[in-house]
$ cat data-v6.cif   # mmCIF, C-alpha atoms
data_work
loop_
_atom_site.label_atom_id
_atom_site.label_comp_id
_atom_site.auth_asym_id
_atom_site.auth_seq_id
_atom_site.Cartn_x
_atom_site.Cartn_y
_atom_site.Cartn_z
CA MET A 22 -30.62 3.79 -4.92
CA MET A 23 -27.25 4.50 -3.36
CA GLU A 24 -24.90 1.60 -2.98
CA LEU A 25 -22.87 1.97 0.19
CA ASP A 26 -21.06 -0.22 2.64
CA GLY A 27 -20.99 -0.83 6.36
CA ASN A 28 -18.87 2.27 6.99
CA ALA A 29 -22.12 4.20 6.56
CA LEU A 30 -23.68 2.26 9.45
CA ALA A 31 -21.16 3.63 11.96
CA GLY A 32 -23.46 6.30 13.39
CA ASP A 33 -26.55 4.14 13.75
CA LEU A 34 -24.58 1.31 15.35
CA ARG A 35 -22.83 3.74 17.64
CA GLU A 36 -26.26 4.71 18.92
CA VAL A 37 -26.74 1.13 20.11
CA PHE A 38 -23.25 0.02 21.05
CA ALA A 39 -20.75 1.70 23.35
CA THR A 40 -17.91 1.34 20.86
CA ASP A 41 -17.36 1.64 17.13
CA MET A 42 -18.66 -1.48 15.41
CA THR A 43 -17.43 -0.98 11.84
CA GLY A 44 -14.23 -2.87 12.68
CA ALA A 45 -16.07 -5.76 14.39
CA VAL A 46 -15.66 -9.08 12.58
CA PHE A 47 -18.86 -10.93 11.70
CA THR A 48 -19.30 -14.51 10.64
CA CYS A 49 -22.07 -14.86 8.08
CA ALA A 50 -24.76 -17.38 9.06
CA GLY A 51 -25.35 -18.16 5.40
CA CYS A 52 -21.88 -18.90 4.06
CA ALA A 53 -19.52 -18.65 7.07
CA HIS A 54 -17.65 -15.80 5.40
CA THR A 55 -15.90 -13.55 7.91
CA GLY A 56 -15.17 -9.86 7.47
CA VAL A 57 -15.50 -6.55 9.24
CA LEU A 58 -18.92 -4.93 9.38
CA ALA A 59 -17.51 -2.03 7.31
CA THR A 60 -17.47 -4.38 4.31
CA LEU A 61 -21.20 -5.21 4.44
CA ARG A 62 -23.16 -4.11 1.40
CA VAL A 63 -25.75 -1.45 2.19
CA TRP A 64 -28.30 0.29 0.00
CA GLN A 65 -29.98 3.63 0.72
CA PRO A 66 -32.53 5.00 1.04
CA ALA A 67 -34.61 2.27 2.63
CA PRO A 68 -37.10 2.14 5.50
CA GLY A 69 -34.47 0.37 7.52
CA LEU A 70 -30.80 -0.37 7.07
CA VAL A 71 -29.92 -3.76 5.70
CA GLY A 72 -26.35 -5.03 5.65
CA ARG A 73 -25.67 -7.91 3.30
CA CYS A 74 -22.73 -10.30 3.23
CA PRO A 75 -20.25 -9.17 0.52
CA HIS A 76 -19.63 -12.83 -0.30
CA CYS A 77 -23.10 -14.47 -0.50
CA THR A 78 -25.39 -11.38 -0.24
CA ASP A 79 -27.43 -12.92 2.59
CA VAL A 80 -28.77 -10.41 5.09
CA VAL A 81 -26.36 -10.23 8.03
CA LEU A 82 -27.81 -7.28 9.91
CA ARG A 83 -31.02 -5.25 9.93
CA LEU A 84 -31.50 -2.00 11.75
CA VAL A 85 -34.83 -0.22 11.96
CA ARG A 86 -35.43 2.99 13.87
CA THR A 87 -38.70 4.43 15.02
CA PRO A 88 -38.91 7.81 16.71
CA THR A 89 -38.49 6.17 20.09
CA ARG A 90 -36.82 2.77 19.59
CA VAL A 91 -34.13 0.95 17.64
CA PHE A 92 -34.55 -2.63 16.42
CA LEU A 93 -31.40 -4.52 15.54
CA THR A 94 -31.70 -7.98 14.00
CA LEU A 95 -28.56 -10.06 13.86
CA THR A 96 -29.85 -13.50 12.94
CA GLY A 97 -27.66 -13.42 9.83
CA ALA A 98 -24.47 -13.43 11.89
CA THR A 99 -23.42 -16.40 13.95
CA ARG A 100 -20.73 -14.38 15.70
CA LEU A 101 -19.40 -10.87 16.26
CA GLU A 102 -15.80 -10.43 17.30
CA LEU A 103 -14.58 -7.16 18.79
CA PRO A 104 -11.19 -6.00 19.96
CA LEU A 105 -11.06 -5.05 23.64
CA GLU A 106 -9.84 -1.50 24.19
CA PRO A 107 -6.10 -1.51 24.97
CA MET B 6 -27.29 6.44 29.12
CA LYS B 7 -23.78 7.77 29.10
CA ASN B 8 -21.42 7.33 26.21
CA ARG B 9 -24.28 7.20 23.76
CA ILE B 10 -23.72 9.37 20.74
CA SER B 11 -26.25 12.13 20.23
CA TRP B 12 -27.33 14.64 17.64
CA ARG B 13 -26.19 18.21 18.00
CA VAL B 14 -26.50 21.46 16.12
CA ALA B 15 -23.53 22.92 14.27
CA THR B 16 -23.16 26.25 12.52
CA VAL B 17 -21.79 26.61 9.02
CA THR B 18 -19.05 29.23 9.26
CA ALA B 19 -17.77 29.17 5.68
CA ALA B 20 -18.33 27.41 2.39
CA ARG B 21 -16.25 27.04 -0.75
CA TRP B 22 -16.52 25.19 -4.03
CA GLU B 23 -13.90 22.53 -4.71
CA THR B 24 -15.26 21.72 -8.18
CA SER B 25 -18.43 22.77 -10.00
CA SER B 26 -20.39 20.12 -8.06
CA ALA B 27 -18.48 19.59 -4.80
CA ARG B 28 -18.62 22.07 -1.97
CA THR B 29 -16.80 22.23 1.33
CA LEU B 30 -18.68 23.33 4.43
CA VAL B 31 -16.66 24.53 7.41
CA LEU B 32 -18.53 23.78 10.62
CA ASP B 33 -18.43 25.13 14.11
CA VAL B 34 -19.45 22.21 16.30
CA PRO B 35 -19.72 23.01 20.02
CA ASP B 36 -17.57 20.70 22.16
CA TRP B 37 -16.16 18.82 19.18
CA PRO B 38 -14.08 15.96 20.65
CA GLY B 39 -11.70 15.83 17.67
CA HIS B 40 -11.62 13.18 14.96
CA LEU B 41 -9.41 10.73 13.14
CA PRO B 42 -8.92 11.01 9.38
CA GLY B 43 -11.41 8.74 7.65
CA GLN B 44 -14.16 9.24 10.20
CA HIS B 45 -17.65 10.38 9.23
CA ILE B 46 -20.30 12.82 10.30
CA ASP B 47 -23.97 11.92 9.92
CA VAL B 48 -26.09 14.86 8.79
CA ARG B 49 -29.86 14.90 9.37
CA LEU B 50 -32.29 17.19 7.60
CA THR B 51 -35.83 17.46 8.91
CA ALA B 52 -38.69 18.97 6.94
CA GLU B 53 -41.46 21.02 8.54
CA ASP B 54 -43.80 18.04 8.29
CA GLY B 55 -41.39 15.94 10.32
CA TYR B 56 -39.97 13.91 7.44
CA SER B 57 -36.26 13.50 7.91
CA ALA B 58 -33.39 12.18 5.84
CA GLN B 59 -29.96 11.28 7.09
CA ARG B 60 -26.67 10.74 5.26
CA SER B 61 -23.13 9.95 6.30
CA TYR B 62 -20.33 12.18 4.98
CA SER B 63 -16.59 11.80 5.29
CA ILE B 64 -14.74 14.50 7.15
CA ALA B 65 -12.27 16.26 4.85
CA SER B 66 -10.22 18.15 7.40
CA ALA B 67 -7.64 17.09 9.95
CA TRP B 68 -7.67 17.47 13.69
CA SER B 69 -4.52 17.48 15.77
CA ALA B 70 -4.13 14.59 18.18
CA GLU B 71 -2.34 16.89 20.62
CA ALA B 72 -4.89 17.88 23.19
CA GLY B 73 -5.25 21.61 23.63
CA SER B 74 -3.17 22.41 20.59
CA PRO B 75 -3.87 25.98 19.50
CA ASP B 76 -3.78 24.74 15.93
CA ALA B 77 -6.18 21.91 16.69
CA GLY B 78 -7.85 21.84 13.31
CA THR B 79 -11.21 22.36 11.71
CA VAL B 80 -14.31 20.34 11.01
CA GLU B 81 -15.00 20.37 7.28
CA LEU B 82 -17.19 18.25 5.04
CA THR B 83 -16.81 18.15 1.28
CA VAL B 84 -20.14 17.18 -0.24
CA GLN B 85 -20.55 15.97 -3.81
CA ARG B 86 -23.90 16.98 -5.30
CA LEU B 87 -25.96 14.02 -6.50
CA ASP B 88 -28.60 15.45 -8.81
CA ASP B 89 -31.27 13.03 -7.62
CA GLY B 90 -30.08 13.24 -4.01
CA GLU B 91 -32.29 14.13 -1.06
CA VAL B 92 -29.62 15.70 1.12
CA SER B 93 -26.57 16.60 -0.95
CA PRO B 94 -28.21 19.29 -3.18
CA TYR B 95 -29.32 21.08 -0.04
CA LEU B 96 -25.77 21.06 1.35
CA THR B 97 -24.16 22.14 -1.91
CA ASP B 98 -26.67 24.68 -3.22
CA VAL B 99 -28.85 25.94 -0.38
CA VAL B 100 -26.89 26.09 2.87
CA GLU B 101 -25.02 29.33 3.51
CA PRO B 102 -22.64 30.51 6.23
CA GLY B 103 -24.59 31.25 9.38
CA ASP B 104 -27.05 28.40 8.79
CA ARG B 105 -27.32 25.63 11.32
CA ILE B 106 -27.41 21.92 10.59
CA GLU B 107 -28.04 18.87 12.73
CA LEU B 108 -25.29 16.29 12.91
CA ARG B 109 -23.68 13.58 14.98
CA GLY B 110 -20.15 12.34 15.03
CA PRO B 111 -17.41 11.64 14.60
CA VAL B 112 -18.28 8.03 13.84
CA GLY B 113 -16.39 5.12 12.34
CA GLY B 114 -13.16 3.50 13.41
CA TRP B 115 -12.15 1.03 10.73
CA PHE B 116 -11.58 3.12 7.61
CA VAL B 117 -9.27 5.48 9.51
CA TRP B 118 -5.57 6.21 9.55
CA ARG B 119 -3.79 6.72 12.85
CA GLU B 120 -0.51 8.56 13.27
CA LYS B 121 0.96 5.60 15.14
CA GLN B 122 0.76 3.49 11.95
CA THR B 123 4.33 3.44 10.68
CA ALA B 124 3.86 1.59 7.38
CA PRO B 125 3.91 3.37 4.01
CA VAL B 126 0.43 4.32 2.90
CA LEU B 127 -1.23 3.95 -0.49
CA LEU B 128 -4.39 5.96 -1.03
CA ILE B 129 -6.56 5.23 -4.08
CA ALA B 130 -9.43 7.62 -4.76
CA GLY B 131 -12.20 7.50 -7.33
CA GLY B 132 -13.93 10.86 -7.72
CA SER B 133 -15.26 12.25 -4.45
CA GLY B 134 -13.80 9.20 -2.71
CA VAL B 135 -10.81 11.46 -2.25
CA VAL B 136 -12.45 13.21 0.72
CA PRO B 137 -11.47 10.86 3.57
CA LEU B 138 -8.07 10.28 1.94
CA MET B 139 -7.50 14.04 1.86
CA SER B 140 -8.20 14.08 5.58
CA MET B 141 -5.43 11.49 5.99
CA ILE B 142 -2.99 13.57 3.92
CA ARG B 143 -3.87 16.67 5.94
CA ALA B 144 -3.53 14.80 9.24
CA ARG B 145 -0.09 13.56 8.21
CA GLY B 146 0.84 17.13 7.27
CA LEU B 147 -0.45 18.51 10.58
CA ALA B 148 1.51 15.90 12.54
CA ARG B 149 4.56 16.29 10.27
CA GLY B 150 4.36 12.54 9.77
CA ARG B 151 7.26 10.75 8.14
CA GLN B 152 5.28 7.81 6.74
CA PRO B 153 5.66 7.75 2.94
CA PHE B 154 2.28 8.50 1.35
CA ARG B 155 1.16 7.95 -2.21
CA LEU B 156 -2.18 9.02 -3.61
CA ILE B 157 -3.58 7.73 -6.90
CA TYR B 158 -6.55 9.93 -7.72
CA SER B 159 -8.89 9.02 -10.58
CA VAL B 160 -11.10 11.79 -11.98
CA ARG B 161 -13.06 12.21 -15.19
CA THR B 162 -11.44 15.48 -16.22
CA PRO B 163 -8.94 17.94 -14.70
CA GLU B 164 -11.89 20.16 -13.71
CA ASP B 165 -13.30 17.34 -11.58
CA ALA B 166 -10.26 17.16 -9.32
CA ALA B 167 -11.01 18.50 -5.85
CA TYR B 168 -8.17 20.01 -3.80
CA ALA B 169 -5.96 20.12 -6.91
CA ASP B 170 -4.05 23.26 -5.87
CA GLU B 171 -3.58 22.08 -2.32
CA LEU B 172 -2.34 18.68 -3.49
CA ARG B 173 0.20 20.34 -5.78
CA ARG B 174 1.38 22.52 -2.92
CA ARG B 175 1.61 19.60 -0.50
CA VAL B 176 3.65 17.53 -2.95
CA ARG B 177 6.21 20.34 -2.80
CA GLU B 178 5.98 21.01 0.93
CA ASP B 179 5.09 17.68 2.61
CA PRO B 180 8.17 15.48 2.32
CA GLY B 181 7.37 11.94 1.23
CA LEU B 182 4.01 12.65 -0.40
CA ASP B 183 3.44 11.71 -4.04
CA VAL B 184 0.26 12.24 -6.06
CA HIS B 185 -0.60 10.63 -9.38
CA PHE B 186 -3.72 11.57 -11.33
CA VAL B 187 -5.64 9.23 -13.59
CA TYR B 188 -8.01 10.91 -16.08
CA THR B 189 -10.79 8.76 -17.41
CA ARG B 190 -12.45 11.10 -19.95
CA LYS B 191 -10.25 14.11 -20.66
CA THR B 192 -6.63 14.77 -19.82
CA PRO B 193 -4.88 18.11 -19.32
CA ASP B 194 -3.07 19.50 -22.36
CA GLY B 195 0.25 17.79 -22.87
CA TRP B 196 -0.60 14.81 -20.66
CA PRO B 197 1.54 11.89 -21.84
CA ALA B 198 -1.23 9.30 -22.02
CA PRO B 199 -4.79 9.14 -23.39
CA PRO B 200 -7.70 8.99 -20.93
CA LYS B 201 -7.97 5.60 -19.25
CA ARG B 202 -9.38 3.87 -16.24
CA ILE B 203 -7.26 2.75 -13.32
CA ASP B 204 -5.55 -0.54 -14.17
CA VAL B 205 -2.84 -2.94 -13.07
CA ALA B 206 -0.09 -0.87 -14.66
CA THR B 207 -1.22 2.28 -12.86
CA ILE B 208 -1.25 0.68 -9.43
CA ASN B 209 1.93 -1.25 -10.11
CA SER B 210 3.80 1.90 -11.22
CA HIS B 211 2.40 4.43 -8.77
CA GLY B 212 1.61 2.33 -5.71
CA TRP B 213 4.02 0.58 -3.36
CA PRO B 214 5.45 -2.88 -3.91
CA PRO B 215 3.66 -5.49 -1.77
CA ASP B 216 7.01 -6.20 -0.06
CA PHE B 217 6.75 -2.80 1.61
CA GLN B 218 3.56 -3.98 3.32
CA PRO B 219 1.79 -0.67 2.86
CA ASP B 220 -1.53 0.17 4.45
CA CYS B 221 -3.92 0.65 1.51
CA TYR B 222 -7.09 2.75 1.58
CA VAL B 223 -9.44 2.66 -1.39
CA CYS B 224 -12.50 4.92 -1.57
CA GLY B 225 -14.87 5.59 -4.45
CA PRO B 226 -17.88 4.21 -6.28
CA THR B 227 -18.47 0.49 -5.87
CA ALA B 228 -17.15 -0.64 -9.26
CA PHE B 229 -14.02 1.48 -8.83
CA VAL B 230 -13.36 0.15 -5.34
CA GLU B 231 -13.77 -3.44 -6.44
CA THR B 232 -11.46 -3.00 -9.40
CA ALA B 233 -8.74 -1.31 -7.36
CA ALA B 234 -9.00 -3.73 -4.42
CA ASP B 235 -8.91 -6.75 -6.74
CA ILE B 236 -5.80 -5.38 -8.45
CA LEU B 237 -4.07 -4.80 -5.12
CA VAL B 238 -4.74 -8.36 -3.99
CA ALA B 239 -3.71 -9.75 -7.39
CA LEU B 240 -0.44 -7.82 -7.13
CA GLY B 241 0.21 -9.59 -3.85
CA HIS B 242 -0.99 -7.13 -1.22
CA ASP B 243 -2.33 -8.66 1.97
CA PRO B 244 -6.16 -8.29 1.85
CA LYS B 245 -6.07 -7.46 5.55
CA ARG B 246 -4.11 -4.32 4.74
CA VAL B 247 -6.58 -3.17 2.09
CA ARG B 248 -9.37 -1.08 3.59
CA THR B 249 -12.26 -0.01 1.42
CA GLU B 250 -15.10 2.44 1.53
CA ARG B 251 -17.69 2.49 -1.23
CA PHE B 252 -20.50 4.85 -1.97
CA GLY B 253 -23.10 5.57 -4.58
CA GLY B 254 -22.53 5.94 -8.28
CA ALA B 255 -23.13 3.34 -10.91
#

$ encode --input "data-v6.cif" --output "structure tokens"
Amino acid sequence: MMELDGNALAGDLREVFATDMTGAVFTCAGCAHTGVLATLRVWQPAPGLVGRCPHCTDVVLRLVRTPTRVFLTLTGATRLELPLEP
Amino acid sequence: MKNRISWRVATVTAARWETSSARTLVLDVPDWPGHLPGQHIDVRLTAEDGYSAQRSYSIASAWSAEAGSPDAGTVELTVQRLDDGEVSPYLTDVVEPGDRIELRGPVGGWFVWREKQTAPVLLIAGGSGVVPLMSMIRARGLARGRQPFRLIYSVRTPEDAAYADELRRRVREDPGLDVHFVYTRKTPDGWPAPPKRIDVATINSHGWPPDFQPDCYVCGPTAFVETAADILVALGHDPKRVRTERFGGA
């Protein structure tokens, strides 16, 4: 098992979002911790990608890909905050 | 849908060993848009039966921000072989120049250094965590940046240090760049200290004082990153200026 962080999610999130998401600030639904998505804890390989809060280890984000679709679950985050492009 | 990132096929044009287990692949990627130091490339391998595995690798090389520059840069990955890995042994031991690999990128925008950042920079690398930090050093060199840079690079033995010759050369030729090695298992002959892990004294002596408000980048295995980041914050560095990237290892 490889222990990674949210930096490794950049490519998969960039497939869904129009901008880089690793610098987006999440608020954890479990403990209200805030941090950038790059700091999520991620383990590989797994059938899907799971990003856990670095503070309370609750699941913040889940991303599952099939050959034709992407499923992104964000129930573990109460908020995402992104900078607007200058 | 426009603006969506897609997979493309690149050709390996050259390969070289950096250590006995880390290999650099030079890639020709059609229509490469350029990259920032610290960004990644995702590599995807697909077996004949359709099984595929994907990994994210830091880009080691620099790319000039000046559009159309004749000396724009190269796209290079340095891959550390993980003996139980699914992808890395293929990239280190099987791929040869002329082979084609599937990739997408560049991706990532948080663990990056931009030339417009004027603060001093402290880079702390554990093992192959040096790769994105090397890209930052090379980008600064390419842009003839004046920002003071310091690299603290922890390796097990002198033989495990990637880019050692280039780092020595750059310390002489790139004004304002300092490099300090930490050896955890075996030191070079004549080294003034026994092997040790990175600690408060190391970062205090070879980093920047918190008053300088440096931008700090820490990359390495999880335990290393946590130790170094905790020390930085304990020394008084603003956690918001400490960016981390962790990967693998125990």

$ resolve_selection --input "data-v6.cif" --expression "the PyMOL selection byres ((chain B) within 6 of (chain A))" --output "list in words"
Arg9, Ile10, Ser61, Val112, Gly113, Gly114, Trp115, Arg251, Phe252 and Gly253 of chain B

$ atom_distance --input "data-v6.cif" --atom1 "CA of Gly39 in chain B" --atom2 "CA of Ala19 in chain B"
18.9 Å

$ atom_distance --input "data-v6.cif" --atom1 "CA of Glu91 in chain B" --atom2 "CA of Pro111 in chain B"
21.7 Å

$ resolve_selection --input "data-v6.cif" --expression "the PyMOL selection byres ((chain A and resi 99) around 12)" --output "compact mmCIF listing (two decimals) with C-alpha atoms, in the coordinates of the input"
# COMPACT_ATOMS: atom_id res chain seq x y z
CA VAL A 46 -15.66 -9.08 12.58
CA PHE A 47 -18.86 -10.93 11.70
CA THR A 48 -19.30 -14.51 10.64
CA CYS A 49 -22.07 -14.86 8.08
CA ALA A 50 -24.76 -17.38 9.06
CA GLY A 51 -25.35 -18.16 5.40
CA CYS A 52 -21.88 -18.90 4.06
CA ALA A 53 -19.52 -18.65 7.07
CA HIS A 54 -17.65 -15.80 5.40
CA THR A 55 -15.90 -13.55 7.91
CA VAL A 80 -28.77 -10.41 5.09
CA VAL A 81 -26.36 -10.23 8.03
CA LEU A 82 -27.81 -7.28 9.91
CA THR A 94 -31.70 -7.98 14.00
CA LEU A 95 -28.56 -10.06 13.86
CA THR A 96 -29.85 -13.50 12.94
CA GLY A 97 -27.66 -13.42 9.83
CA ALA A 98 -24.47 -13.43 11.89
CA ARG A 100 -20.73 -14.38 15.70
CA LEU A 101 -19.40 -10.87 16.26
CA GLU A 102 -15.80 -10.43 17.30

$ resolve_selection --input "data-v6.cif" --expression "the PyMOL selection byres ((chain B and resi 138-153) around 7)" --output "list in words"
Pro42, Gly43, Ile64, Ala65, Ser66, Ala67, Trp68, Ser69, Trp118, Thr123, Ala124, Pro125, Val126, Leu128, Val135, Val136, Pro137, Phe154, Arg155, Asp179, Gly181 and Leu182 of chain B

$ atom_distance --input "data-v6.cif" --atom1 "CA of Ile46 in chain B" --atom2 "CA of Asp170 in chain B"
25.2 Å
